[in-house]
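**Student:** File target.csv below, CSV, C-alpha atoms:
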chain,number,residue,atom,x,y,z
A,1,MET,CA,-0.9,-25.4,6.0
A,2,ARG,CA,2.2,-27.4,5.2
A,3,ARG,CA,5.3,-27.6,7.4
A,4,CYS,CA,8.1,-25.1,6.9
A,5,ARG,CA,10.9,-26.1,4.6
A,6,SER,CA,14.2,-27.3,6.1
A,7,LEU,CA,17.8,-26.5,5.3
A,8,ALA,CA,18.1,-29.9,3.6
A,9,ARG,CA,15.5,-28.9,1.1
A,10,ALA,CA,16.3,-25.2,1.0
A,11,ALA,CA,20.0,-24.7,1.2
A,12,LEU,CA,20.7,-21.0,1.2
A,13,LEU,CA,23.4,-19.4,-0.8
A,14,LEU,CA,25.5,-17.8,1.9
A,15,THR,CA,28.7,-15.8,1.8
A,16,VAL,CA,29.5,-16.1,5.5
A,17,LEU,CA,28.8,-19.1,7.8
A,18,GLY,CA,29.6,-19.5,11.4
A,19,ALA,CA,31.2,-22.7,12.5
A,20,ALA,CA,28.9,-25.4,13.8
A,21,GLY,CA,28.1,-24.6,17.4
A,22,SER,CA,29.6,-21.2,17.2
A,23,PRO,CA,27.7,-18.3,19.0
A,24,LEU,CA,28.0,-16.4,15.7
A,25,ARG,CA,26.0,-19.1,13.9
A,26,ALA,CA,22.7,-17.8,15.4
A,27,THR,CA,23.3,-14.5,13.5
A,28,THR,CA,24.1,-16.0,10.1
A,29,PRO,CA,21.3,-16.7,7.6
A,30,ALA,CA,21.8,-20.5,8.0
A,31,GLY,CA,21.5,-20.2,11.8
A,32,LEU,CA,18.5,-17.9,11.6
A,33,PHE,CA,16.9,-20.3,9.2
A,34,GLU,CA,17.3,-23.2,11.6
A,35,GLN,CA,16.0,-21.0,14.5
A,36,GLY,CA,13.0,-20.0,12.4
A,37,ASN,CA,12.2,-23.6,11.6
A,38,GLY,CA,12.6,-24.7,15.2
A,39,ALA,CA,10.3,-21.9,16.4
A,40,TYR,CA,7.7,-22.7,13.8
A,41,GLU,CA,7.6,-26.4,14.7
A,42,GLN,CA,7.1,-25.4,18.3
A,43,GLY,CA,4.3,-23.1,17.5
A,44,ARG,CA,6.2,-19.9,18.2
A,45,PHE,CA,5.2,-18.3,14.9
A,46,ASP,CA,6.1,-14.7,15.8
A,47,GLU,CA,9.7,-15.8,16.6
A,48,ALA,CA,9.8,-17.8,13.3
A,49,ALA,CA,8.7,-14.8,11.3
A,50,ALA,CA,11.2,-12.5,13.0
A,51,ALA,CA,14.0,-15.0,12.1
A,52,TYR,CA,13.0,-15.2,8.5
A,53,GLU,CA,12.7,-11.5,8.2
A,54,LYS,CA,16.3,-11.1,9.5
A,55,ILE,CA,17.4,-13.5,6.7
A,56,LEU,CA,15.8,-11.2,4.2
A,57,GLY,CA,17.7,-8.3,5.8
A,58,TYR,CA,20.9,-9.9,4.5
A,59,GLY,CA,19.7,-9.3,1.0
A,60,ILE,CA,19.0,-12.9,0.3
A,61,ARG,CA,16.3,-13.6,-2.2
A,62,ASP,CA,15.3,-17.2,-1.8
A,63,PRO,CA,11.8,-18.6,-2.5
A,64,ARG,CA,11.9,-21.0,0.4
A,65,VAL,CA,12.5,-18.2,2.9
A,66,HIS,CA,9.5,-16.3,1.5
A,67,TYR,CA,7.4,-19.5,1.6
A,68,ASN,CA,8.3,-20.2,5.2
A,69,LEU,CA,7.7,-16.6,6.1
A,70,GLY,CA,4.3,-16.7,4.4
A,71,ASN,CA,3.4,-19.8,6.5
A,72,ALA,CA,4.4,-18.1,9.7
A,73,TYR,CA,2.4,-15.0,9.0
A,74,ALA,CA,-0.6,-17.1,7.9
A,75,LYS,CA,-0.5,-19.0,11.3
A,76,LEU,CA,-0.4,-15.6,13.0
A,77,GLY,CA,-3.5,-14.5,11.1
A,78,ARG,CA,-1.6,-11.7,9.3
A,79,LEU,CA,-3.1,-12.2,5.9
A,80,GLY,CA,-1.5,-9.3,4.1
A,81,PRO,CA,2.2,-10.3,4.9
A,82,ALA,CA,1.3,-13.9,4.2
A,83,ILE,CA,0.0,-13.2,0.8
A,84,LEU,CA,2.9,-10.8,0.1
A,85,HIS,CA,5.5,-13.5,0.8
A,86,TYR,CA,3.7,-16.3,-1.1
A,87,GLU,CA,3.6,-13.9,-4.0
A,88,ARG,CA,7.3,-13.2,-3.7
A,89,ALA,CA,8.0,-16.9,-3.5
A,90,LEU,CA,6.1,-17.5,-6.7
A,91,ARG,CA,7.9,-14.6,-8.4
A,92,LEU,CA,11.2,-16.4,-7.7
A,93,ASP,CA,9.8,-19.9,-8.4
A,94,PRO,CA,6.6,-20.0,-10.4
A,95,SER,CA,6.6,-23.8,-10.3
A,96,ASP,CA,6.1,-24.0,-6.5
A,97,ALA,CA,2.8,-25.8,-6.3
A,98,GLU,CA,2.7,-25.6,-2.5
A,99,ALA,CA,3.2,-21.9,-2.4
A,100,ARG,CA,0.4,-21.5,-5.0
A,101,ASP,CA,-1.9,-23.7,-3.0
A,102,ASN,CA,-1.2,-21.9,0.2
A,103,LEU,CA,-1.7,-18.5,-1.5
A,104,ALA,CA,-5.1,-19.6,-2.8
A,105,PHE,CA,-6.1,-20.9,0.7
A,106,VAL,CA,-5.1,-17.6,2.4
A,107,ARG,CA,-6.7,-15.5,-0.4
A,108,GLY,CA,-9.9,-17.3,0.5
A,109,ARG,CA,-9.9,-15.7,3.9
A,110,ILE,CA,-9.6,-12.1,2.9
A,111,ARG,CA,-12.6,-9.7,2.7
A,112,ASP,CA,-12.3,-8.5,-0.8
A,113,ARG,CA,-13.3,-11.1,-3.5
A,114,VAL,CA,-12.5,-9.6,-6.9
A,115,ALA,CA,-12.7,-12.2,-9.6
A,116,PRO,CA,-10.1,-11.8,-12.4
A,117,PRO,CA,-11.5,-11.4,-16.0
A,118,ASP,CA,-12.5,-14.6,-17.7
A,119,LEU,CA,-10.1,-16.0,-20.3
A,120,PRO,CA,-11.2,-18.1,-23.3
A,121,TYR,CA,-11.3,-21.7,-22.4
A,122,PRO,CA,-8.2,-22.9,-24.3
A,123,LEU,CA,-6.1,-20.0,-23.1
A,124,ALA,CA,-7.4,-20.5,-19.5
A,125,VAL,CA,-6.3,-24.2,-19.6
A,126,LEU,CA,-3.0,-23.3,-21.2
A,127,THR,CA,-2.1,-20.5,-18.8
A,128,GLY,CA,-3.1,-22.7,-15.9
A,129,SER,CA,-0.6,-25.3,-17.0
A,130,LEU,CA,2.1,-23.0,-18.1
A,131,GLY,CA,1.8,-20.9,-14.9
A,132,ARG,CA,3.1,-23.9,-12.9
A,133,LEU,CA,6.3,-24.1,-15.0
A,134,PRO,CA,9.5,-22.1,-14.6
A,135,LEU,CA,9.3,-19.1,-16.9
A,136,ASP,CA,12.4,-20.0,-18.9
A,137,LEU,CA,10.9,-23.5,-19.6
A,138,VAL,CA,7.7,-21.9,-20.9
A,139,ALA,CA,9.8,-19.7,-23.2
A,140,TRP,CA,11.6,-22.8,-24.5
A,141,VAL,CA,8.3,-24.5,-25.2
A,142,PHE,CA,7.2,-21.5,-27.3
A,143,LEU,CA,10.5,-21.3,-29.1
A,144,PHE,CA,10.5,-25.0,-29.9
A,145,LEU,CA,7.0,-24.8,-31.4
A,146,TYR,CA,7.8,-21.7,-33.4
A,147,LEU,CA,11.0,-23.2,-34.9
A,148,LEU,CA,9.1,-26.4,-35.6
A,149,THR,CA,6.4,-24.4,-37.5
A,150,VAL,CA,9.0,-22.6,-39.5
A,151,GLY,CA,10.9,-25.8,-40.3
A,152,LEU,CA,7.7,-27.6,-41.5
A,153,ILE,CA,6.7,-24.6,-43.7
A,154,GLY,CA,10.2,-24.6,-45.2
A,155,ALA,CA,10.0,-28.3,-45.9
A,156,ILE,CA,6.7,-28.2,-47.8
A,157,PRO,CA,8.3,-27.2,-51.2
A,158,LEU,CA,10.9,-30.0,-50.7
A,159,ALA,CA,8.3,-32.7,-50.3
A,160,GLY,CA,8.3,-35.4,-53.0
A,161,GLY,CA,4.7,-35.4,-54.0
A,162,TRP,CA,1.3,-33.7,-53.4
A,163,LEU,CA,0.4,-36.0,-50.5
A,164,GLY,CA,3.7,-35.3,-48.7
A,165,ARG,CA,3.2,-31.5,-49.1
A,166,ARG,CA,-0.4,-31.8,-47.8
A,167,VAL,CA,0.7,-33.7,-44.8
A,168,LEU,CA,3.5,-31.2,-44.0
A,169,GLY,CA,1.0,-28.4,-44.5
A,170,TYR,CA,-1.4,-29.8,-42.0
A,171,CYS,CA,1.5,-30.5,-39.6
A,172,ALA,CA,2.7,-26.9,-40.0
A,173,LEU,CA,-0.8,-25.6,-39.4
A,174,GLY,CA,-1.1,-27.6,-36.2
A,175,ALA,CA,2.3,-26.6,-34.9
A,176,GLY,CA,1.5,-23.0,-35.8
A,177,VAL,CA,-1.7,-23.0,-33.8
A,178,LEU,CA,0.1,-24.5,-30.8
A,179,ALA,CA,2.9,-21.9,-31.1
A,180,ALA,CA,0.4,-19.1,-31.2
A,181,ALA,CA,-1.4,-20.5,-28.1
A,182,ALA,CA,2.0,-21.0,-26.3
A,183,GLY,CA,3.0,-17.4,-27.3
A,184,GLY,CA,-0.3,-16.1,-25.8
A,185,GLY,CA,0.2,-18.2,-22.7
A,186,LEU,CA,3.8,-17.0,-22.4
A,187,ALA,CA,2.7,-13.4,-22.7
A,188,TYR,CA,0.1,-13.9,-20.0
A,189,VAL,CA,2.4,-15.7,-17.6
A,190,VAL,CA,5.1,-13.0,-18.1
A,191,GLN,CA,2.5,-10.3,-17.3
A,192,GLN,CA,1.3,-12.1,-14.2
A,193,THR,CA,4.8,-12.8,-12.8
A,194,THR,CA,6.5,-9.5,-13.7
A,195,ALA,CA,3.7,-6.9,-13.6
A,196,PRO,CA,4.2,-4.4,-10.8
A,197,CYS,CA,1.6,-5.1,-8.0
A,198,ALA,CA,1.2,-4.4,-4.3
A,199,ILE,CA,-0.6,-6.1,-1.4
A,200,VAL,CA,-2.8,-4.1,1.0
A,201,MET,CA,-1.1,-4.4,4.5
A,202,GLU,CA,-3.6,-2.5,6.6
A,203,ASP,CA,-7.0,-3.6,7.8
A,204,ARG,CA,-8.7,-1.2,5.4
A,205,ALA,CA,-7.5,1.4,3.0
A,206,ASP,CA,-9.4,4.0,1.0
A,207,VAL,CA,-8.6,4.4,-2.7
A,208,LEU,CA,-9.0,8.0,-3.8
A,209,SER,CA,-9.7,9.8,-7.1
A,210,GLY,CA,-6.2,11.5,-6.9
A,211,PRO,CA,-2.9,11.5,-5.1
A,212,ALA,CA,-3.9,13.7,-2.2
A,213,GLU,CA,-6.0,13.3,1.0
A,214,ASP,CA,-8.7,15.8,-0.1
A,215,ASN,CA,-9.7,13.7,-3.1
A,216,THR,CA,-13.0,11.7,-3.2
A,217,ILE,CA,-13.0,8.2,-1.9
A,218,LEU,CA,-13.8,5.9,-4.8
A,219,PHE,CA,-13.8,2.5,-3.0
A,220,THR,CA,-12.2,0.8,0.0
A,221,VAL,CA,-9.9,-2.3,0.0
A,222,HIS,CA,-8.9,-4.5,2.9
A,223,GLU,CA,-5.8,-6.4,4.1
A,224,GLY,CA,-4.5,-8.9,1.6
A,225,THR,CA,-6.1,-7.5,-1.5
A,226,ARG,CA,-3.8,-7.5,-4.6
A,227,LEU,CA,-3.6,-4.3,-6.6
A,228,GLU,CA,-1.9,-3.7,-9.9
A,229,VAL,CA,0.4,-0.6,-9.7
A,230,ARG,CA,0.0,1.7,-12.7
A,231,ASN,CA,2.0,4.8,-11.5
A,232,ALA,CA,3.7,6.4,-8.5
A,233,ARG,CA,3.7,10.0,-7.5
A,234,GLY,CA,4.8,11.7,-4.2
A,235,GLY,CA,4.1,8.8,-1.8
A,236,TRP,CA,1.1,7.6,-3.7
A,237,TYR,CA,0.4,4.7,-6.0
A,238,GLN,CA,-2.1,4.7,-8.8
A,239,VAL,CA,-3.6,1.2,-8.6
A,240,SER,CA,-6.3,-0.9,-10.2
A,241,LEU,CA,-8.3,-4.1,-9.5
A,242,PRO,CA,-9.0,-6.8,-12.0
A,243,ASN,CA,-12.6,-5.5,-12.4
A,244,ALA,CA,-11.1,-2.2,-13.8
A,245,LEU,CA,-11.8,-0.1,-10.7
A,246,SER,CA,-8.8,2.2,-10.2
A,247,GLY,CA,-7.6,5.1,-8.1
A,248,TRP,CA,-4.8,6.3,-5.8
A,249,ILE,CA,-3.7,4.9,-2.5
A,250,ARG,CA,-1.1,6.0,0.0
A,251,ALA,CA,2.2,4.0,-0.5
A,252,GLY,CA,2.5,3.3,3.2
A,253,GLN,CA,-0.7,1.3,3.1
A,254,VAL,CA,0.6,-1.3,0.7
A,255,GLU,CA,3.8,-3.3,0.1
A,256,ARG,CA,5.2,-3.9,-3.4
A,257,VAL,CA,5.6,-7.5,-4.4
Translate this file's structure into C-alpha coordinates.
**Tutor:**
Amino acid sequence: MRRCRSLARAALLLTVLGAAGSPLRATTPAGLFEQGNGAYEQGRFDEAAAAYEKILGYGIRDPRVHYNLGNAYAKLGRLGPAILHYERALRLDPSDAEARDNLAFVRGRIRDRVAPPDLPYPLAVLTGSLGRLPLDLVAWVFLFLYLLTVGLIGAIPLAGGWLGRRVLGYCALGAGVLAAAAGGGLAYVVQQTTAPCAIVMEDRADVLSGPAEDNTILFTVHEGTRLEVRNARGGWYQVSLPNALSGWIRAGQVERV
(Lines of atoms letter the chains of each structure in order from A and count residues from 1; the text may use other names and numbers.)
(Lines give C-alpha, C1' and ligand atoms only; values in the text may rest on other atoms or scores of the structure.)
Protein backbone atom coordinates (compact mmCIF):
# COMPACT_ATOMS: atom_id res chain seq x y z
CA MET A 1 0.00 0.00 0.00
CA ARG A 2 1.54 3.29 -1.09
CA ARG A 3 2.03 6.21 1.28
CA CYS A 4 -0.70 8.79 1.68
CA ARG A 5 -0.49 11.86 -0.52
CA SER A 6 0.78 15.11 0.92
CA LEU A 7 -0.44 18.67 0.59
CA ALA A 8 2.43 19.38 -1.79
CA ARG A 9 0.92 16.90 -4.23
CA ALA A 10 -2.71 17.34 -3.29
CA ALA A 11 -3.34 21.01 -2.66
CA LEU A 12 -7.00 21.35 -1.67
CA LEU A 13 -9.28 24.01 -3.05
CA LEU A 14 -10.26 25.79 0.13
CA THR A 15 -12.47 28.74 0.85
CA VAL A 16 -11.27 29.32 4.41
CA LEU A 17 -7.79 28.73 5.83
CA GLY A 18 -6.55 29.39 9.32
CA ALA A 19 -3.24 31.18 9.65
CA ALA A 20 -0.17 29.00 10.10
CA GLY A 21 0.05 27.92 13.72
CA SER A 22 -3.46 29.13 14.47
CA PRO A 23 -5.60 26.88 16.69
CA LEU A 24 -8.28 27.20 14.02
CA ARG A 25 -6.03 25.55 11.47
CA ALA A 26 -6.68 22.13 12.96
CA THR A 27 -10.35 22.46 11.99
CA THR A 28 -9.80 23.65 8.42
CA PRO A 29 -9.58 21.16 5.53
CA ALA A 30 -5.87 21.90 5.07
CA GLY A 31 -5.16 21.39 8.76
CA LEU A 32 -7.21 18.21 8.86
CA PHE A 33 -5.37 16.93 5.80
CA GLU A 34 -2.02 17.47 7.52
CA GLN A 35 -3.35 15.81 10.69
CA GLY A 36 -4.60 12.83 8.71
CA ASN A 37 -1.29 12.42 6.90
CA GLY A 38 0.65 12.67 10.14
CA ALA A 39 -1.55 10.10 11.85
CA TYR A 40 -1.27 7.77 8.85
CA GLU A 41 2.53 7.96 8.81
CA GLN A 42 2.56 7.11 12.53
CA GLY A 43 0.27 4.12 12.05
CA ARG A 44 -2.79 5.70 13.67
CA PHE A 45 -5.03 4.78 10.79
CA ASP A 46 -8.32 5.28 12.65
CA GLU A 47 -7.36 8.90 13.45
CA ALA A 48 -6.26 9.43 9.85
CA ALA A 49 -9.58 8.13 8.53
CA ALA A 50 -11.51 10.36 10.92
CA ALA A 51 -9.56 13.43 9.74
CA TYR A 52 -10.16 12.68 6.06
CA GLU A 53 -13.86 12.04 6.73
CA LYS A 54 -14.11 15.49 8.33
CA ILE A 55 -12.63 17.01 5.18
CA LEU A 56 -15.36 15.40 3.11
CA GLY A 57 -17.85 16.87 5.57
CA TYR A 58 -16.86 20.30 4.23
CA GLY A 59 -18.31 19.29 0.88
CA ILE A 60 -14.89 18.97 -0.77
CA ARG A 61 -14.68 16.47 -3.62
CA ASP A 62 -10.99 15.79 -4.13
CA PRO A 63 -9.66 12.48 -5.49
CA ARG A 64 -6.55 12.67 -3.29
CA VAL A 65 -8.65 12.85 -0.12
CA HIS A 66 -10.64 9.79 -1.22
CA TYR A 67 -7.38 8.01 -2.14
CA ASN A 68 -5.84 8.66 1.28
CA LEU A 69 -9.07 7.67 3.00
CA GLY A 70 -9.14 4.44 1.00
CA ASN A 71 -5.58 3.71 2.14
CA ALA A 72 -6.46 4.35 5.79
CA TYR A 73 -9.49 2.06 5.67
CA ALA A 74 -7.49 -0.62 3.85
CA LYS A 75 -4.91 -0.54 6.65
CA LEU A 76 -7.76 -0.94 9.16
CA GLY A 77 -9.04 -3.97 7.28
CA ARG A 78 -12.31 -2.23 6.43
CA LEU A 79 -12.57 -3.42 2.86
CA GLY A 80 -15.98 -1.95 2.06
CA PRO A 81 -15.09 1.68 2.88
CA ALA A 82 -11.66 1.25 1.27
CA ILE A 83 -13.17 0.08 -2.03
CA LEU A 84 -15.83 2.79 -1.85
CA HIS A 85 -13.28 5.60 -1.59
CA TYR A 86 -10.93 4.17 -4.22
CA GLU A 87 -13.96 4.02 -6.53
CA ARG A 88 -14.84 7.62 -5.72
CA ALA A 89 -11.24 8.70 -6.32
CA LEU A 90 -11.32 7.06 -9.76
CA ARG A 91 -14.65 8.68 -10.58
CA LEU A 92 -12.98 12.05 -10.02
CA ASP A 93 -9.66 11.08 -11.64
CA PRO A 94 -9.87 8.01 -13.92
CA SER A 95 -6.16 8.36 -14.79
CA ASP A 96 -5.01 7.64 -11.21
CA ALA A 97 -3.00 4.45 -11.67
CA GLU A 98 -2.15 4.16 -7.96
CA ALA A 99 -5.82 4.25 -6.94
CA ARG A 100 -6.60 1.67 -9.63
CA ASP A 101 -3.80 -0.63 -8.42
CA ASN A 102 -4.82 -0.30 -4.77
CA LEU A 103 -8.46 -0.95 -5.68
CA ALA A 104 -7.46 -4.14 -7.50
CA PHE A 105 -5.34 -5.22 -4.51
CA VAL A 106 -8.17 -4.69 -1.99
CA ARG A 107 -10.73 -6.33 -4.26
CA GLY A 108 -8.51 -9.40 -4.22
CA ARG A 109 -9.19 -9.73 -0.50
CA ILE A 110 -13.00 -9.72 -0.54
CA ARG A 111 -15.08 -12.90 -0.38
CA ASP A 112 -17.18 -12.46 -3.51
CA ARG A 113 -15.28 -12.99 -6.76
CA VAL A 114 -17.64 -12.18 -9.62
CA ALA A 115 -15.84 -11.91 -12.93
CA PRO A 116 -17.08 -9.22 -15.33
CA PRO A 117 -18.29 -10.37 -18.76
CA ASP A 118 -15.51 -10.96 -21.27
CA LEU A 119 -15.01 -8.31 -23.93
CA PRO A 120 -13.73 -9.00 -27.45
CA TYR A 121 -9.93 -8.86 -27.46
CA PRO A 122 -9.50 -5.55 -29.37
CA LEU A 123 -12.14 -3.81 -27.25
CA ALA A 124 -10.67 -5.21 -24.02
CA VAL A 125 -7.23 -3.83 -24.91
CA LEU A 126 -8.67 -0.49 -25.99
CA THR A 127 -10.86 0.01 -22.92
CA GLY A 128 -7.98 -1.02 -20.67
CA SER A 129 -5.87 1.73 -22.21
CA LEU A 130 -8.60 4.36 -22.42
CA GLY A 131 -9.75 3.65 -18.88
CA ARG A 132 -6.50 5.08 -17.56
CA LEU A 133 -7.00 8.40 -19.35
CA PRO A 134 -9.16 11.35 -18.26
CA LEU A 135 -12.63 11.02 -19.75
CA ASP A 136 -12.41 14.34 -21.61
CA LEU A 137 -9.17 13.23 -23.28
CA VAL A 138 -10.81 9.97 -24.39
CA ALA A 139 -13.64 12.02 -25.91
CA TRP A 140 -11.13 14.21 -27.78
CA VAL A 141 -9.40 11.11 -29.19
CA PHE A 142 -12.72 9.85 -30.54
CA LEU A 143 -13.64 13.28 -31.95
CA PHE A 144 -10.26 13.63 -33.67
CA LEU A 145 -10.55 10.22 -35.32
CA TYR A 146 -14.13 10.90 -36.37
CA LEU A 147 -13.27 14.25 -37.96
CA LEU A 148 -10.20 12.72 -39.61
CA THR A 149 -12.39 10.03 -41.16
CA VAL A 150 -14.91 12.59 -42.43
CA GLY A 151 -12.11 14.75 -43.82
CA LEU A 152 -10.49 11.86 -45.65
CA ILE A 153 -13.80 10.78 -47.16
CA GLY A 154 -14.46 14.32 -48.31
CA ALA A 155 -11.03 14.52 -49.91
CA ILE A 156 -11.43 11.39 -52.03
CA PRO A 157 -13.33 13.10 -54.90
CA LEU A 158 -10.70 15.86 -54.93
CA ALA A 159 -7.77 13.50 -55.44
CA GLY A 160 -5.93 13.97 -58.70
CA GLY A 161 -5.89 10.39 -59.90
CA TRP A 162 -7.07 6.84 -59.31
CA LEU A 163 -4.09 5.96 -57.11
CA GLY A 164 -4.60 9.03 -54.92
CA ARG A 165 -8.29 8.24 -54.44
CA ARG A 166 -7.46 4.66 -53.55
CA VAL A 167 -4.87 5.69 -50.98
CA LEU A 168 -7.30 8.17 -49.41
CA GLY A 169 -9.98 5.49 -49.39
CA TYR A 170 -7.78 3.07 -47.49
CA CYS A 171 -6.76 5.82 -45.08
CA ALA A 172 -10.41 6.75 -44.52
CA LEU A 173 -11.27 3.10 -43.90
CA GLY A 174 -8.47 2.74 -41.35
CA ALA A 175 -9.41 5.97 -39.59
CA GLY A 176 -13.05 4.89 -39.58
CA VAL A 177 -12.22 1.57 -37.94
CA LEU A 178 -10.17 3.35 -35.27
CA ALA A 179 -12.96 5.90 -34.74
CA ALA A 180 -15.52 3.11 -34.31
CA ALA A 181 -13.27 1.32 -31.84
CA ALA A 182 -12.60 4.54 -29.95
CA GLY A 183 -16.33 5.27 -29.88
CA GLY A 184 -17.06 1.84 -28.45
CA GLY A 185 -14.29 2.26 -25.91
CA LEU A 186 -15.57 5.71 -24.97
CA ALA A 187 -19.09 4.37 -24.44
CA TYR A 188 -17.72 1.58 -22.24
CA VAL A 189 -15.56 3.95 -20.18
CA VAL A 190 -18.47 6.37 -19.72
CA GLN A 191 -20.67 3.51 -18.57
CA GLN A 192 -18.04 2.30 -16.10
CA THR A 193 -17.30 5.75 -14.65
CA THR A 194 -20.82 7.17 -14.50
CA ALA A 195 -23.13 4.18 -14.05
CA PRO A 196 -24.86 4.17 -10.65
CA CYS A 197 -23.32 1.56 -8.40
CA ALA A 198 -22.97 0.80 -4.71
CA ILE A 199 -20.55 -1.02 -2.43
CA VAL A 200 -21.68 -3.50 0.22
CA MET A 201 -20.66 -2.09 3.61
CA GLU A 202 -21.78 -4.89 5.93
CA ASP A 203 -20.09 -8.24 6.52
CA ARG A 204 -22.94 -9.95 4.66
CA ALA A 205 -26.18 -8.83 3.09
CA ASP A 206 -29.05 -10.80 1.57
CA VAL A 207 -30.39 -9.87 -1.85
CA LEU A 208 -34.13 -10.53 -2.02
CA SER A 209 -36.66 -11.09 -4.79
CA GLY A 210 -38.51 -7.88 -3.92
CA PRO A 211 -38.27 -4.66 -1.87
CA ALA A 212 -39.59 -6.10 1.41
CA GLU A 213 -38.25 -8.31 4.19
CA ASP A 214 -40.74 -11.13 3.55
CA ASN A 215 -39.41 -11.81 0.04
CA THR A 216 -37.29 -14.81 -0.90
CA ILE A 217 -33.52 -14.60 -0.46
CA LEU A 218 -31.97 -15.00 -3.91
CA PHE A 219 -28.29 -14.79 -2.97
CA THR A 220 -25.94 -13.28 -0.42
CA VAL A 221 -23.19 -10.73 -0.96
CA HIS A 222 -20.39 -9.67 1.35
CA GLU A 223 -18.47 -6.55 2.31
CA GLY A 224 -16.74 -4.82 -0.57
CA THR A 225 -18.83 -6.31 -3.38
CA ARG A 226 -19.68 -3.83 -6.14
CA LEU A 227 -23.32 -3.80 -7.23
CA GLU A 228 -24.89 -1.96 -10.13
CA VAL A 229 -27.94 0.03 -9.02
CA ARG A 230 -30.94 -0.35 -11.33
CA ASN A 231 -33.76 1.20 -9.32
CA ALA A 232 -34.67 2.56 -5.88
CA ARG A 233 -37.89 2.16 -3.94
CA GLY A 234 -38.77 2.92 -0.33
CA GLY A 235 -35.36 2.34 1.27
CA TRP A 236 -34.41 -0.48 -1.10
CA TYR A 237 -32.16 -0.70 -4.15
CA GLN A 238 -32.66 -3.01 -7.09
CA VAL A 239 -29.14 -4.22 -7.83
CA SER A 240 -27.33 -6.60 -10.13
CA LEU A 241 -23.96 -8.32 -10.43
CA PRO A 242 -21.87 -8.60 -13.63
CA ASN A 243 -23.00 -12.24 -13.96
CA ALA A 244 -26.63 -11.00 -14.35
CA LEU A 245 -27.82 -12.05 -10.87
CA SER A 246 -30.17 -9.34 -9.61
CA GLY A 247 -32.54 -8.56 -6.76
CA TRP A 248 -33.32 -6.06 -4.03
CA ILE A 249 -31.14 -5.01 -1.08
CA ARG A 250 -31.75 -2.66 1.84
CA ALA A 251 -30.27 0.76 1.14
CA GLY A 252 -28.67 0.88 4.58
CA GLN A 253 -26.48 -2.11 3.76
CA VAL A 254 -24.69 -0.42 0.87
CA GLU A 255 -23.14 2.96 0.04
CA ARG A 256 -23.60 4.64 -3.34
CA VAL A 257 -20.38 5.50 -5.16
**Student:** Using only C-alpha atoms, which of the listed residues (A:Asp203, A:Leu245, A:Gln35, A:Ala198) sits closest to A:Phe219?
**Tutor:**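 Closest to A:Phe219 of all the choices is A:Leu245.
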**Student:** In file coordinates, which residues lie within 12 Å of (-1.6, 5.3, 4.5) using all atoms listed in the file, given as a list of chain:residue names?
**Tutor:**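 With a cut-off of 12 Å, the residues come to A:Val200, A:Met201, A:Glu202, A:Asp203, A:Arg204, A:Ala205, A:Asp206, A:Val207, A:Leu208, A:Pro211, A:Ala212, A:Glu213, A:Gly235, A:Trp236, A:Tyr237, A:Trp248, A:Ile249, A:Arg250, A:Ala251, A:Gly252, A:Gln253, A:Val254, A:Glu255.
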**Student:** Could you tell me how far atom CA of A:Arg166 sits from atom CA of A:Gly183, in Å to one decimal place?
**Tutor:**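 Atom-to-atom, atom CA of A:Gly183 to atom CA of A:Arg166, that is 25.3 Å.
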**Student:** Would you write out, as a tab-separated table, a table of all residues in stretch 208-250 of chain A that have an atom no more than 10 Å from an atom of stretch 104-109 of chain A, listing for each the closest atom pair and the distance in Å to one decimal, considering all atoms listed in the file and ordering rows by chain and rising residue number?
**Tutor:**
residue	atom	partner	partner_atom	distance
A:Gly224	CA	A:Arg107	CA	7.2
A:Thr225	CA	A:Arg107	CA	8.1
A:Arg226	CA	A:Arg107	CA	9.5
**Student:** Hey, what's within 9 Å of A:Lys75 if we count only C-alpha atoms and toss same-chain stuff fewer than 4 positions away? As a ChimeraX atom specification, please?
**Tutor:** /A:1,43,45,70-71,82
**Student:** Using all atoms listed in the file, determine which residues lie at most 7 Å from A:Leu241, disregarding the query and same-chain residues fewer than 3 positions distant; provide the list as number ranges by chain.
**Tutor:** A: 227-228, 244-246
**Student:** Based on the selection just made, write C-alpha atoms of those residues as a PDB file, in the coordinates of the input.
**Tutor:**
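As written to disk, out37.pdb reads:
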ATOM      1  CA  LEU A 227      -3.600  -4.300  -6.600  1.00  0.00           C
ATOM      2  CA  GLU A 228      -1.900  -3.700  -9.900  1.00  0.00           C
ATOM      3  CA  ALA A 244     -11.100  -2.200 -13.800  1.00  0.00           C
ATOM      4  CA  LEU A 245     -11.800  -0.100 -10.700  1.00  0.00           C
ATOM      5  CA  SER A 246      -8.800   2.200 -10.200  1.00  0.00           C
TER       6      SER A 246
END
**Student:** For atom CA of A:Thr194 and atom CA of A:Ala181, determine how far apart the two atoms are, in Å to one decimal place.
**Tutor:**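 Going from atom CA of A:Thr194 over to atom CA of A:Ala181 covers 19.8 Å.
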**Student:** Of the residues A:Asp46, A:Asp96, A:Asp112, A:Asp62, which is the one nearest to A:Gly77, using only C-alpha atoms?
**Tutor:**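 Checking each of A:Asp46, A:Asp96, A:Asp112, A:Asp62 against A:Gly77, counting only C-alpha atoms, the winner is A:Asp46.
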**Student:** Could you tell me how far atom CA of A:Thr28 lies from atom CA of A:Pro81, in Å and to one decimal?
**Tutor:**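 Here the two named atoms are 23.2 Å from each other.
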**Student:** So which one's closest to A:Leu79, A:Phe144, A:Gly36, A:Asn102, A:Val229? Using only C-alpha atoms, please.
**Tutor:**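 Looking at the shortest contact to A:Leu79, the residue is A:Asn102.
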**Student:** So which one's closest to A:Leu145, A:Ala97, A:Ile60, A:Ala182, A:Leu163? Using only C-alpha atoms, please.
**Tutor:**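 Answer, going by the shortest atom-to-atom distance: A:Ala182.
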**Student:** Which residue out of A:Leu90, A:Leu186, A:Val167, A:Leu56 has the minimum interatomic distance to A:Leu143 when only C-alpha atoms are used?
**Tutor:**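 Ranked by minimum distance to A:Leu143, first place goes to A:Leu186.
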